[in-house]
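Coordinates from structure07.txt are shown below (compact mmCIF, C-alpha atoms).
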```txt
# COMPACT_ATOMS: atom_id res chain seq x y z
CA MET E 186 6.45 21.49 7.14
CA ALA E 187 3.57 21.89 9.59
CA ALA E 188 2.34 18.68 11.21
CA ASN E 189 -1.25 19.93 10.99
CA MET E 190 -1.20 20.18 7.19
CA SER E 191 -4.06 18.40 5.45
CA ARG E 192 -3.52 15.30 3.32
CA LYS E 193 -4.26 17.35 0.21
CA GLU E 194 -1.68 19.98 1.18
CA ILE E 195 1.02 17.37 1.86
CA LEU E 196 0.35 15.60 -1.44
CA GLY E 197 0.51 19.01 -3.13
CA LYS E 198 4.06 19.32 -1.84
CA VAL E 199 4.84 15.81 -3.14
CA TYR E 200 3.58 16.99 -6.54
CA LYS E 201 6.09 19.86 -6.50
CA MET E 202 8.91 17.34 -5.96
CA ILE E 203 7.94 15.11 -8.91
CA PRO E 204 10.03 15.77 -12.03
CA PRO E 205 8.09 16.57 -15.19
CA MET E 206 8.73 14.40 -18.25
CA LEU E 207 10.75 16.68 -20.51
CA GLU E 208 12.30 16.13 -23.93
CA LYS E 209 15.74 17.20 -22.65
CA PHE E 210 16.05 14.37 -20.10
CA HIS E 211 18.09 11.28 -20.92
CA LYS E 212 17.76 7.68 -19.76
CA GLY E 213 18.47 7.27 -16.09
CA GLN E 214 17.88 10.82 -14.89
CA LEU E 215 14.42 9.99 -13.54
CA GLY E 216 15.54 7.12 -11.38
CA ARG E 217 18.06 4.29 -11.22
CA VAL E 218 16.85 1.95 -8.50
CA ALA E 219 17.95 -1.49 -7.29
CA VAL E 220 16.23 -4.00 -5.01
CA ILE E 221 18.62 -6.28 -3.13
CA GLY E 222 16.92 -9.49 -2.07
CA GLY E 223 15.55 -12.61 -3.67
CA SER E 224 16.79 -15.93 -2.37
CA GLU E 225 16.15 -19.61 -2.95
CA ASP E 226 12.81 -19.49 -1.13
CA TYR E 227 11.57 -15.99 -1.98
CA THR E 228 11.29 -14.63 -5.51
CA GLY E 229 8.05 -12.63 -5.46
CA ALA E 230 8.98 -9.85 -3.04
CA PRO E 231 11.90 -8.34 -5.00
CA TYR E 232 9.86 -8.53 -8.19
CA PHE E 233 6.88 -6.68 -6.65
CA SER E 234 9.18 -4.00 -5.23
CA ALA E 235 11.14 -3.47 -8.45
CA MET E 236 7.98 -3.43 -10.57
CA ALA E 237 6.32 -0.85 -8.31
CA SER E 238 9.41 1.29 -8.73
CA ALA E 239 9.21 0.93 -12.51
CA LYS E 240 5.44 1.53 -12.65
CA LEU E 241 5.85 4.73 -10.65
CA GLY E 242 8.25 5.94 -13.31
CA ALA E 243 11.83 4.99 -12.48
CA ASP E 244 13.83 4.84 -15.69
CA MET E 245 15.85 1.80 -14.66
CA SER E 246 14.81 -0.85 -12.15
CA HIS E 247 17.28 -3.54 -11.10
CA VAL E 248 17.07 -6.65 -8.93
CA ILE E 249 20.24 -7.98 -7.30
CA CYS E 250 19.60 -11.49 -6.06
CA GLU E 251 20.71 -15.11 -5.70
CA PRO E 252 21.22 -17.01 -9.00
CA GLY E 253 18.35 -19.41 -8.29
CA ALA E 254 16.01 -16.48 -7.66
CA GLY E 255 17.37 -14.60 -10.67
CA MET E 256 16.41 -17.30 -13.14
CA VAL E 257 12.85 -17.23 -11.81
CA ILE E 258 12.51 -13.44 -11.61
CA LYS E 259 13.68 -13.07 -15.21
CA THR E 260 10.65 -15.12 -16.29
CA TYR E 261 8.29 -12.73 -14.48
CA SER E 262 9.17 -9.68 -16.56
CA PRO E 263 11.65 -8.68 -19.28
CA ASN E 264 11.42 -5.07 -18.06
CA LEU E 265 13.64 -5.60 -15.02
CA MET E 266 17.42 -5.91 -15.07
CA VAL E 267 18.30 -8.93 -12.95
CA HIS E 268 21.81 -9.43 -11.54
CA PRO E 269 22.52 -12.81 -9.87
CA TYR E 270 25.35 -11.48 -7.70
CA MET E 271 24.15 -12.49 -4.21
CA ARG E 272 25.07 -15.83 -2.62
CA GLN E 273 23.66 -17.87 0.21
CA GLU E 274 26.40 -19.36 2.37
CA LYS E 275 25.85 -22.91 1.11
CA ASN E 276 26.05 -21.76 -2.52
CA LEU E 277 29.40 -19.98 -2.36
CA ALA E 278 31.70 -21.46 -5.00
CA LYS E 279 35.27 -22.42 -4.13
CA ASN E 280 36.63 -19.26 -5.74
CA GLU E 281 34.02 -17.00 -4.08
CA THR E 282 34.12 -15.26 -0.71
CA ILE E 283 31.82 -12.80 1.01
CA ASP E 284 34.45 -10.19 0.16
CA SER E 285 34.29 -10.93 -3.56
CA ILE E 286 30.49 -11.09 -3.58
CA SER E 287 30.14 -7.87 -1.59
CA ASP E 288 32.60 -6.04 -3.82
CA GLU E 289 30.53 -6.91 -6.90
CA VAL E 290 27.32 -5.64 -5.34
CA VAL E 291 28.92 -2.51 -3.85
CA ALA E 292 30.40 -1.67 -7.25
CA MET E 293 26.85 -1.14 -8.55
CA LEU E 294 26.18 1.70 -6.09
CA ASP E 295 27.92 4.24 -8.31
CA ARG E 296 25.27 3.55 -10.96
CA LEU E 297 22.29 3.88 -8.62
CA HIS E 298 20.27 6.60 -6.95
CA VAL E 299 18.45 4.43 -4.40
CA VAL E 300 18.67 0.89 -3.02
CA VAL E 301 15.92 -1.21 -1.42
CA ILE E 302 17.34 -3.85 0.91
CA GLY E 303 15.34 -6.77 2.25
CA PRO E 304 12.54 -8.06 -0.01
CA GLY E 305 12.98 -11.84 -0.19
CA LEU E 306 16.41 -11.58 1.43
CA GLY E 307 16.09 -14.20 4.16
CA ARG E 308 18.32 -14.62 7.19
CA ASP E 309 21.20 -16.49 5.55
CA PRO E 310 24.46 -15.22 7.15
CA ALA E 311 26.22 -14.56 3.84
CA MET E 312 23.24 -12.65 2.43
CA GLN E 313 22.92 -10.62 5.62
CA GLU E 314 26.64 -9.81 5.78
CA THR E 315 26.70 -8.76 2.14
CA CYS E 316 23.83 -6.35 2.78
CA ALA E 317 25.56 -5.01 5.89
CA ARG E 318 28.56 -4.12 3.74
CA VAL E 319 26.29 -2.56 1.11
CA ILE E 320 24.73 -0.37 3.81
CA LYS E 321 28.15 0.77 5.00
CA ALA E 322 29.19 1.61 1.44
CA ALA E 323 25.89 3.37 0.73
CA ARG E 324 26.45 5.59 3.75
CA GLU E 325 29.97 6.44 2.57
CA LYS E 326 28.63 7.32 -0.89
CA ASN E 327 25.52 9.12 0.49
CA VAL E 328 23.18 6.77 -1.37
CA SER E 329 19.61 6.62 -0.07
CA PHE E 330 18.22 3.25 0.95
CA VAL E 331 15.01 1.62 2.19
CA LEU E 332 15.05 -1.27 4.66
CA ASP E 333 12.19 -3.75 4.83
CA ALA E 334 11.51 -7.37 5.78
CA ASP E 335 14.75 -9.23 6.54
CA GLY E 336 16.68 -6.04 5.83
CA LEU E 337 15.16 -4.77 9.08
CA TYR E 338 16.83 -7.68 10.89
CA LEU E 339 20.09 -5.82 10.32
CA ALA E 340 18.68 -2.68 11.97
CA GLN E 341 17.50 -4.86 14.84
CA THR E 342 20.73 -6.79 15.43
CA ARG E 343 23.29 -4.26 14.17
CA PRO E 344 21.72 -0.84 14.84
CA GLU E 345 25.01 0.97 14.22
CA LEU E 346 24.48 0.30 10.50
CA VAL E 347 21.59 2.78 10.35
CA ASN E 348 21.98 4.94 13.47
CA GLY E 349 21.86 8.61 12.57
CA TYR E 350 21.74 8.11 8.80
CA LYS E 351 19.16 10.57 7.50
CA GLU E 352 19.12 9.13 3.97
CA CYS E 353 17.23 5.96 4.85
CA ILE E 354 13.66 4.87 5.52
CA LEU E 355 12.65 1.84 7.62
CA THR E 356 9.25 0.27 6.86
CA PRO E 357 8.31 -2.16 9.67
CA ASN E 358 4.96 -3.90 10.01
CA VAL E 359 3.50 -4.46 13.48
CA VAL E 360 5.67 -7.50 14.27
CA GLU E 361 8.86 -5.97 12.87
CA PHE E 362 8.18 -2.71 14.70
CA GLY E 363 7.86 -4.62 17.96
CA ARG E 364 11.22 -6.32 17.40
CA LEU E 365 12.94 -3.04 16.58
CA ALA E 366 11.41 -1.38 19.64
CA LYS E 367 12.50 -4.24 21.91
CA SER E 368 16.05 -4.02 20.54
CA GLN E 369 16.04 -0.34 21.58
CA ASN E 370 14.55 -1.10 25.02
CA ILE E 371 11.21 0.51 24.20
CA ASP E 372 8.22 -1.17 25.85
CA THR E 373 5.40 -0.81 23.33
CA THR E 374 2.80 -1.74 25.96
CA LYS E 375 3.65 1.21 28.20
CA GLU E 376 3.96 3.99 25.63
CA ASP E 377 1.39 6.20 23.92
CA PRO E 378 0.80 4.30 20.64
CA THR E 379 0.66 7.58 18.71
CA LYS E 380 4.16 8.48 19.97
CA LEU E 381 5.88 5.11 19.45
CA CYS E 382 7.11 5.82 15.92
CA GLU E 383 8.62 9.13 17.03
CA LYS E 384 10.33 7.45 19.99
CA LEU E 385 11.81 4.66 17.86
CA ALA E 386 12.99 7.14 15.22
CA ASN E 387 14.81 9.10 17.92
CA ALA E 388 16.30 5.89 19.33
CA TYR E 389 17.84 5.30 15.90
CA GLY E 390 19.27 8.81 15.74
CA GLY E 391 16.60 10.47 13.64
CA VAL E 392 16.13 8.00 10.80
CA THR E 393 12.73 8.07 9.10
CA ILE E 394 10.38 5.24 10.01
CA ILE E 395 7.03 4.29 8.50
CA GLN E 396 5.11 2.30 11.11
CA LYS E 397 2.64 0.39 8.96
CA GLY E 398 -0.83 -0.33 10.32
CA ALA E 399 -4.48 0.71 10.22
CA VAL E 400 -2.98 4.15 9.71
CA ASP E 401 0.69 4.68 8.92
CA TYR E 402 2.73 6.74 11.37
CA ILE E 403 5.70 8.44 9.72
CA SER E 404 8.37 10.05 11.87
CA ASN E 405 11.98 11.19 11.87
CA GLY E 406 11.86 11.90 15.59
CA LYS E 407 11.24 15.61 15.10
CA GLN E 408 8.10 15.52 13.01
CA THR E 409 5.36 12.91 12.78
CA LEU E 410 2.78 12.62 10.02
CA VAL E 411 -0.16 10.22 9.92
CA SER E 412 -1.13 8.68 6.58
CA THR E 413 -4.83 7.86 6.84
CA GLY E 414 -5.86 7.08 3.28
CA GLU E 415 -8.31 4.21 2.87
CA GLY E 416 -6.75 0.85 2.01
CA GLY E 417 -8.10 -2.56 1.12
CA LEU E 418 -9.32 -5.08 3.70
CA LYS E 419 -7.32 -8.06 2.41
CA ARG E 420 -4.05 -8.66 4.25
CA ALA E 421 -2.29 -10.59 1.48
CA GLY E 422 1.47 -10.89 1.86
CA GLY E 423 3.64 -8.78 -0.41
CA GLN E 424 1.70 -5.51 -0.30
CA GLY E 425 4.58 -3.88 1.58
CA ASP E 426 6.77 -4.50 -1.44
CA THR E 427 4.69 -2.01 -3.40
CA LEU E 428 5.53 0.48 -0.66
CA THR E 429 9.30 -0.08 -0.83
CA GLY E 430 9.39 0.19 -4.61
CA SER E 431 7.28 3.35 -4.55
CA LEU E 432 9.54 4.87 -1.89
CA ALA E 433 12.60 4.10 -4.01
CA THR E 434 11.28 5.96 -7.03
CA LEU E 435 10.14 8.91 -4.92
CA LEU E 436 13.61 9.08 -3.31
CA ALA E 437 15.11 9.12 -6.81
CA TYR E 438 12.75 11.97 -7.72
CA ARG E 439 13.88 13.76 -4.57
CA LYS E 440 17.47 13.50 -5.77
CA ALA E 441 16.46 14.93 -9.15
CA TYR E 442 14.72 17.82 -7.35
CA LEU E 443 17.75 18.54 -5.16
CA GLU E 444 20.03 18.44 -8.21
CA LYS E 445 17.59 20.82 -9.92
CA ILE E 446 17.50 18.98 -13.23
CA TRP E 447 14.48 21.13 -14.13
CA ASP E 448 13.56 24.69 -13.21
CA HIS E 449 11.51 24.86 -10.01
CA GLU E 450 11.07 27.05 -6.94
CA ASN E 451 13.72 25.13 -4.98
CA ASP E 452 11.89 25.92 -1.74
CA MET E 453 12.02 22.50 -0.06
CA GLY E 454 15.05 21.09 1.76
CA ALA E 455 16.42 17.55 1.93
CA ASP E 456 14.83 16.62 5.27
CA GLU E 457 11.38 17.86 4.32
CA LEU E 458 11.61 16.08 0.98
CA LEU E 459 12.49 12.78 2.63
CA THR E 460 9.39 13.05 4.83
CA LEU E 461 7.35 13.82 1.72
CA CYS E 462 8.75 10.70 0.02
CA ALA E 463 7.69 8.60 2.98
CA TYR E 464 4.20 10.10 3.05
CA GLY E 465 3.79 9.87 -0.72
CA GLY E 466 4.88 6.23 -0.79
CA SER E 467 2.45 5.37 1.99
CA ALA E 468 -0.42 7.22 0.33
CA ILE E 469 0.18 5.61 -3.07
CA THR E 470 0.40 2.11 -1.57
CA ARG E 471 -2.79 2.54 0.43
CA GLU E 472 -4.59 3.78 -2.70
CA CYS E 473 -3.25 0.80 -4.68
CA SER E 474 -4.63 -1.49 -1.99
CA ARG E 475 -8.01 0.27 -2.06
CA LEU E 476 -8.30 0.08 -5.84
CA ALA E 477 -7.17 -3.55 -6.00
CA PHE E 478 -9.55 -4.59 -3.21
CA LYS E 479 -12.44 -2.81 -4.89
CA GLU E 480 -11.73 -4.87 -8.01
CA LYS E 481 -10.70 -8.22 -6.50
CA GLY E 482 -12.22 -8.38 -3.04
CA ARG E 483 -11.02 -11.29 -0.92
CA SER E 484 -9.19 -12.82 -3.91
CA LEU E 485 -6.71 -9.88 -3.91
CA GLN E 486 -3.03 -10.80 -4.24
CA ALA E 487 0.12 -8.66 -4.09
CA ALA E 488 0.40 -8.65 -7.89
CA ASP E 489 -2.95 -6.87 -8.11
CA LEU E 490 -1.48 -3.79 -6.42
CA THR E 491 1.25 -3.55 -9.06
CA GLU E 492 -1.27 -2.86 -11.80
CA HIS E 493 -2.71 0.11 -9.90
CA VAL E 494 0.50 2.01 -9.10
CA HIS E 495 0.20 4.47 -11.98
CA THR E 496 -3.52 5.01 -11.45
CA ALA E 497 -2.92 5.66 -7.75
CA PHE E 498 -0.22 8.19 -8.65
CA LEU E 499 -2.55 10.00 -11.05
CA ASP E 500 -5.44 9.97 -8.56
CA LEU E 501 -3.43 11.31 -5.62
CA ILE E 502 -0.62 13.40 -7.08
CA GLY E 503 -1.21 13.95 -10.78
CA GLU E 504 0.97 14.40 -13.85
CA LYS E 505 2.83 17.56 -14.78
CA PRO E 506 2.84 19.36 -18.13
CA THR E 507 5.48 18.13 -20.57
CA ASP E 508 6.04 21.66 -21.88
CA GLU E 509 8.67 23.32 -19.65
CA SER E 510 7.23 26.76 -20.35
CA LYS E 511 3.96 25.71 -18.67
CA LEU E 512 5.52 24.47 -15.44
```
Kindly return the structure encoded in the file as structure tokens.
Amino acid sequence: MAANMSRKEILGKVYKMIPPMLEKFHKGQLGRVAVIGGSEDYTGAPYFSAMASAKLGADMSHVICEPGAGMVIKTYSPNLMVHPYMRQEKNLAKNETIDSISDEVVAMLDRLHVVVIGPGLGRDPAMQETCARVIKAAREKNVSFVLDADGLYLAQTRPELVNGYKECILTPNVVEFGRLAKSQNIDTTKEDPTKLCEKLANAYGGVTIIQKGAVDYISNGKQTLVSTGEGGLKRAGGQGDTLTGSLATLLAYRKAYLEKIWDHENDMGADELLTLCAYGGSAITRECSRLAFKEKGRSLQAADLTEHVHTAFLDLIGEKPTDESKL
């Protein structure tokens, strides 16, 4: 994919990757996604991520979280499947260990296409260790994952978990990017800012990174795209959760494309498709922010983006015919 392609051309390629909605498909084929996060203090982030995934079209959207968070998240929406399998260290029961907790979460991977790790996770040692084991298992099973928020702390402190794994996307904001760069001995003050994302991606062995900012730099170390779509001007917390959920559904669509569950030209490879997922997720999130800000102005909150996910998809990418003969 040429780096000098226009935004319209790149989004046209994203369109080709999106599965049509056909009568022959059954539940689950168009995306089984889980968000791992949600702790005693943070319940909004995993909800926003999982709902963005659902609103973009994933058939099944799960949240795997702490029991205290689970009870709250269940009241937000009956559309999400909430599994209270995670444990903070202080909440481990006498008959529970990190091994037993991790095994229960890892067992879900066989039912999932994509995992988002980090929204509302926190830094609790038991939560972090459980996610580290999930990452290891996901790599063994070739399951795609997205790391954000406190999930990125694992990439910062235990880089071997993600090094060289081409089926993951990291989504750091400016502060998180700085921490990741420092952990890889990259001085952000002495480098060309337009090349930083590429350099960090290479430092991690070619993983895909979305460096969020005024524009989003997207790089796997070999190719860098810049997502420049207009966004809103309100910097409310939680908008990045719309990005992670959108990425998860697009990665699930990528899997459907690679498995050729519908007839298509089959002219895009796995690496190109992953870059397209990253670009598409960035573009959709920025459009959600623009639409929500236009409507809400300075009162905008993260929940306002959720309601614009489908509209943003239609505006930027568009729906496909439901008649297979017209594809």
Tell me, as a PDB file with C-alpha atoms, in the frame of the given file, which residues lie within 12 Å of Ala317 of chain E, counting all atoms listed in the file; anything in the same chain fewer than 6 positions away does not count.
```
ATOM      1  CA  ILE E 221      18.620  -6.280  -3.130  1.00  0.00           C
ATOM      2  CA  ILE E 283      31.820 -12.800   1.010  1.00  0.00           C
ATOM      3  CA  ASP E 284      34.450 -10.190   0.160  1.00  0.00           C
ATOM      4  CA  SER E 287      30.140  -7.870  -1.590  1.00  0.00           C
ATOM      5  CA  VAL E 290      27.320  -5.640  -5.340  1.00  0.00           C
ATOM      6  CA  VAL E 291      28.920  -2.510  -3.850  1.00  0.00           C
ATOM      7  CA  ILE E 302      17.340  -3.850   0.910  1.00  0.00           C
ATOM      8  CA  GLY E 303      15.340  -6.770   2.250  1.00  0.00           C
ATOM      9  CA  PRO E 310      24.460 -15.220   7.150  1.00  0.00           C
ATOM     10  CA  ALA E 311      26.220 -14.560   3.840  1.00  0.00           C
ATOM     11  CA  ALA E 323      25.890   3.370   0.730  1.00  0.00           C
ATOM     12  CA  ARG E 324      26.450   5.590   3.750  1.00  0.00           C
ATOM     13  CA  LEU E 332      15.050  -1.270   4.660  1.00  0.00           C
ATOM     14  CA  ASP E 335      14.750  -9.230   6.540  1.00  0.00           C
ATOM     15  CA  GLY E 336      16.680  -6.040   5.830  1.00  0.00           C
ATOM     16  CA  LEU E 337      15.160  -4.770   9.080  1.00  0.00           C
ATOM     17  CA  TYR E 338      16.830  -7.680  10.890  1.00  0.00           C
ATOM     18  CA  LEU E 339      20.090  -5.820  10.320  1.00  0.00           C
ATOM     19  CA  ALA E 340      18.680  -2.680  11.970  1.00  0.00           C
ATOM     20  CA  THR E 342      20.730  -6.790  15.430  1.00  0.00           C
ATOM     21  CA  ARG E 343      23.290  -4.260  14.170  1.00  0.00           C
ATOM     22  CA  PRO E 344      21.720  -0.840  14.840  1.00  0.00           C
ATOM     23  CA  GLU E 345      25.010   0.970  14.220  1.00  0.00           C
ATOM     24  CA  LEU E 346      24.480   0.300  10.500  1.00  0.00           C
ATOM     25  CA  VAL E 347      21.590   2.780  10.350  1.00  0.00           C
TER      26      VAL E 347
END
```
Task: Closest of E:Leu277, E:Ala243, E:Val218, E:Leu381 to Arg296 of chain E - atom-to-atom distances counting all atoms listed in the file - done: E:Val218
Open item on the list: With distances taken over all atoms listed in the file, which residue among E:Lys419, E:Lys445, E:Lys198, E:Lys209 lies nearest Glu509 of chain E?
Closed with: E:Lys209
TODO: Excluding Gly307 of chain E and any residue of its chain fewer than 6 positions from it, enumerate the residues within 10 Å of it, using all atoms listed in the file, and give them as a list in words.
DONE: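 Once the nearby chain positions are removed, what remains is Gly222, Gly223, Ser224, Glu225, Asp226, Tyr227, Gln273, Gln313, Ala334, Asp335, Gly336 and Tyr338 of chain E.
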Quick one: write out the picked residues with C-alpha atoms as a PDB file, in the coordinates of the input?
```pdb
ATOM      1  CA  GLY E 222      16.920  -9.490  -2.070  1.00  0.00           C
ATOM      2  CA  GLY E 223      15.550 -12.610  -3.670  1.00  0.00           C
ATOM      3  CA  SER E 224      16.790 -15.930  -2.370  1.00  0.00           C
ATOM      4  CA  GLU E 225      16.150 -19.610  -2.950  1.00  0.00           C
ATOM      5  CA  ASP E 226      12.810 -19.490  -1.130  1.00  0.00           C
ATOM      6  CA  TYR E 227      11.570 -15.990  -1.980  1.00  0.00           C
ATOM      7  CA  GLN E 273      23.660 -17.870   0.210  1.00  0.00           C
ATOM      8  CA  GLN E 313      22.920 -10.620   5.620  1.00  0.00           C
ATOM      9  CA  ALA E 334      11.510  -7.370   5.780  1.00  0.00           C
ATOM     10  CA  ASP E 335      14.750  -9.230   6.540  1.00  0.00           C
ATOM     11  CA  GLY E 336      16.680  -6.040   5.830  1.00  0.00           C
ATOM     12  CA  TYR E 338      16.830  -7.680  10.890  1.00  0.00           C
TER      13      TYR E 338
END
```
- [ ] Calculate how many Å separate atom CA of His493 of chain E from atom CA of Met256 of chain E, rounding to one decimal.
- [x]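 Separating atom CA of His493 of chain E from atom CA of Met256 of chain E is a distance of 26.1 Å.
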Task: Length of the atom CA of Asp333 of chain E to atom CA of Glu361 of chain E vector [Å] - done: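 Going from atom CA of Asp333 of chain E over to atom CA of Glu361 of chain E, I get 9.0 Å.
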Task: Leu432 of chain E environment, 10 Å, all atoms listed in the file, sequence neighbours closer than 6 positions dropped, as an MDAnalysis selection string - done: chainID E and resid 234 237:238 241 299 301 330:331 354 356 426 438 459 461:467 469:470
Would you put the residues from that selection into a file with C-alpha atoms, as a PDB file, keeping the file's coordinate frame?
```
ATOM      1  CA  SER E 234       9.180  -4.000  -5.230  1.00  0.00           C
ATOM      2  CA  ALA E 237       6.320  -0.850  -8.310  1.00  0.00           C
ATOM      3  CA  SER E 238       9.410   1.290  -8.730  1.00  0.00           C
ATOM      4  CA  LEU E 241       5.850   4.730 -10.650  1.00  0.00           C
ATOM      5  CA  VAL E 299      18.450   4.430  -4.400  1.00  0.00           C
ATOM      6  CA  VAL E 301      15.920  -1.210  -1.420  1.00  0.00           C
ATOM      7  CA  PHE E 330      18.220   3.250   0.950  1.00  0.00           C
ATOM      8  CA  VAL E 331      15.010   1.620   2.190  1.00  0.00           C
ATOM      9  CA  ILE E 354      13.660   4.870   5.520  1.00  0.00           C
ATOM     10  CA  THR E 356       9.250   0.270   6.860  1.00  0.00           C
ATOM     11  CA  ASP E 426       6.770  -4.500  -1.440  1.00  0.00           C
ATOM     12  CA  TYR E 438      12.750  11.970  -7.720  1.00  0.00           C
ATOM     13  CA  LEU E 459      12.490  12.780   2.630  1.00  0.00           C
ATOM     14  CA  LEU E 461       7.350  13.820   1.720  1.00  0.00           C
ATOM     15  CA  CYS E 462       8.750  10.700   0.020  1.00  0.00           C
ATOM     16  CA  ALA E 463       7.690   8.600   2.980  1.00  0.00           C
ATOM     17  CA  TYR E 464       4.200  10.100   3.050  1.00  0.00           C
ATOM     18  CA  GLY E 465       3.790   9.870  -0.720  1.00  0.00           C
ATOM     19  CA  GLY E 466       4.880   6.230  -0.790  1.00  0.00           C
ATOM     20  CA  SER E 467       2.450   5.370   1.990  1.00  0.00           C
ATOM     21  CA  ILE E 469       0.180   5.610  -3.070  1.00  0.00           C
ATOM     22  CA  THR E 470       0.400   2.110  -1.570  1.00  0.00           C
TER      23      THR E 470
END
```
Please rebuild segment 194-200 of chain E with all heavy atoms and give the result as an mmCIF file, in the coordinates of the input.
```
data_model
loop_
_atom_site.group_PDB
_atom_site.id
_atom_site.type_symbol
_atom_site.label_atom_id
_atom_site.label_comp_id
_atom_site.auth_asym_id
_atom_site.auth_seq_id
_atom_site.Cartn_x
_atom_site.Cartn_y
_atom_site.Cartn_z
ATOM 1 N N GLU E 194 -2.810 19.037 1.184
ATOM 2 C CA GLU E 194 -1.680 19.980 1.180
ATOM 3 C C GLU E 194 -0.334 19.228 1.126
ATOM 4 O O GLU E 194 0.580 19.647 0.412
ATOM 5 C CB GLU E 194 -1.739 20.852 2.435
ATOM 6 C CG GLU E 194 -2.852 21.884 2.419
ATOM 7 C CD GLU E 194 -2.999 22.597 3.753
ATOM 8 O OE1 GLU E 194 -2.833 21.953 4.817
ATOM 9 O OE2 GLU E 194 -3.286 23.818 3.737
ATOM 10 N N ILE E 195 -0.230 18.134 1.873
ATOM 11 C CA ILE E 195 1.020 17.370 1.860
ATOM 12 C C ILE E 195 1.246 16.762 0.476
ATOM 13 O O ILE E 195 2.354 16.842 -0.077
ATOM 14 C CB ILE E 195 0.995 16.258 2.934
ATOM 15 C CG1 ILE E 195 0.881 16.873 4.330
ATOM 16 C CG2 ILE E 195 2.262 15.408 2.837
ATOM 17 C CD1 ILE E 195 0.637 15.855 5.428
ATOM 18 N N LEU E 196 0.202 16.188 -0.104
ATOM 19 C CA LEU E 196 0.350 15.600 -1.440
ATOM 20 C C LEU E 196 0.638 16.676 -2.486
ATOM 21 O O LEU E 196 1.298 16.408 -3.499
ATOM 22 C CB LEU E 196 -0.901 14.803 -1.809
ATOM 23 C CG LEU E 196 -1.104 13.511 -1.001
ATOM 24 C CD1 LEU E 196 -2.453 12.879 -1.325
ATOM 25 C CD2 LEU E 196 0.028 12.516 -1.273
ATOM 26 N N GLY E 197 0.161 17.899 -2.240
ATOM 27 C CA GLY E 197 0.510 19.010 -3.130
ATOM 28 C C GLY E 197 1.998 19.300 -3.102
ATOM 29 O O GLY E 197 2.597 19.642 -4.135
ATOM 30 N N LYS E 198 2.610 19.146 -1.939
ATOM 31 C CA LYS E 198 4.060 19.320 -1.840
ATOM 32 C C LYS E 198 4.798 18.164 -2.539
ATOM 33 O O LYS E 198 5.839 18.370 -3.166
ATOM 34 C CB LYS E 198 4.485 19.404 -0.373
ATOM 35 C CG LYS E 198 4.263 20.767 0.266
ATOM 36 C CD LYS E 198 4.735 20.791 1.705
ATOM 37 C CE LYS E 198 4.874 22.218 2.224
ATOM 38 N NZ LYS E 198 6.054 22.924 1.733
ATOM 39 N N VAL E 199 4.253 16.949 -2.417
ATOM 40 C CA VAL E 199 4.840 15.810 -3.140
ATOM 41 C C VAL E 199 4.824 16.094 -4.638
ATOM 42 O O VAL E 199 5.806 15.845 -5.353
ATOM 43 C CB VAL E 199 4.085 14.504 -2.821
ATOM 44 C CG1 VAL E 199 4.650 13.349 -3.647
ATOM 45 C CG2 VAL E 199 4.166 14.174 -1.330
ATOM 46 N N TYR E 200 3.709 16.642 -5.124
ATOM 47 C CA TYR E 200 3.580 16.990 -6.540
ATOM 48 C C TYR E 200 4.715 17.924 -6.983
ATOM 49 O O TYR E 200 5.292 17.757 -8.072
ATOM 50 C CB TYR E 200 2.218 17.645 -6.786
ATOM 51 C CG TYR E 200 2.008 18.181 -8.184
ATOM 52 C CD1 TYR E 200 1.560 17.355 -9.206
ATOM 53 C CD2 TYR E 200 2.251 19.529 -8.473
ATOM 54 C CE1 TYR E 200 1.365 17.842 -10.493
ATOM 55 C CE2 TYR E 200 2.050 20.029 -9.752
ATOM 56 C CZ TYR E 200 1.605 19.180 -10.754
ATOM 57 O OH TYR E 200 1.421 19.673 -12.036
#
```
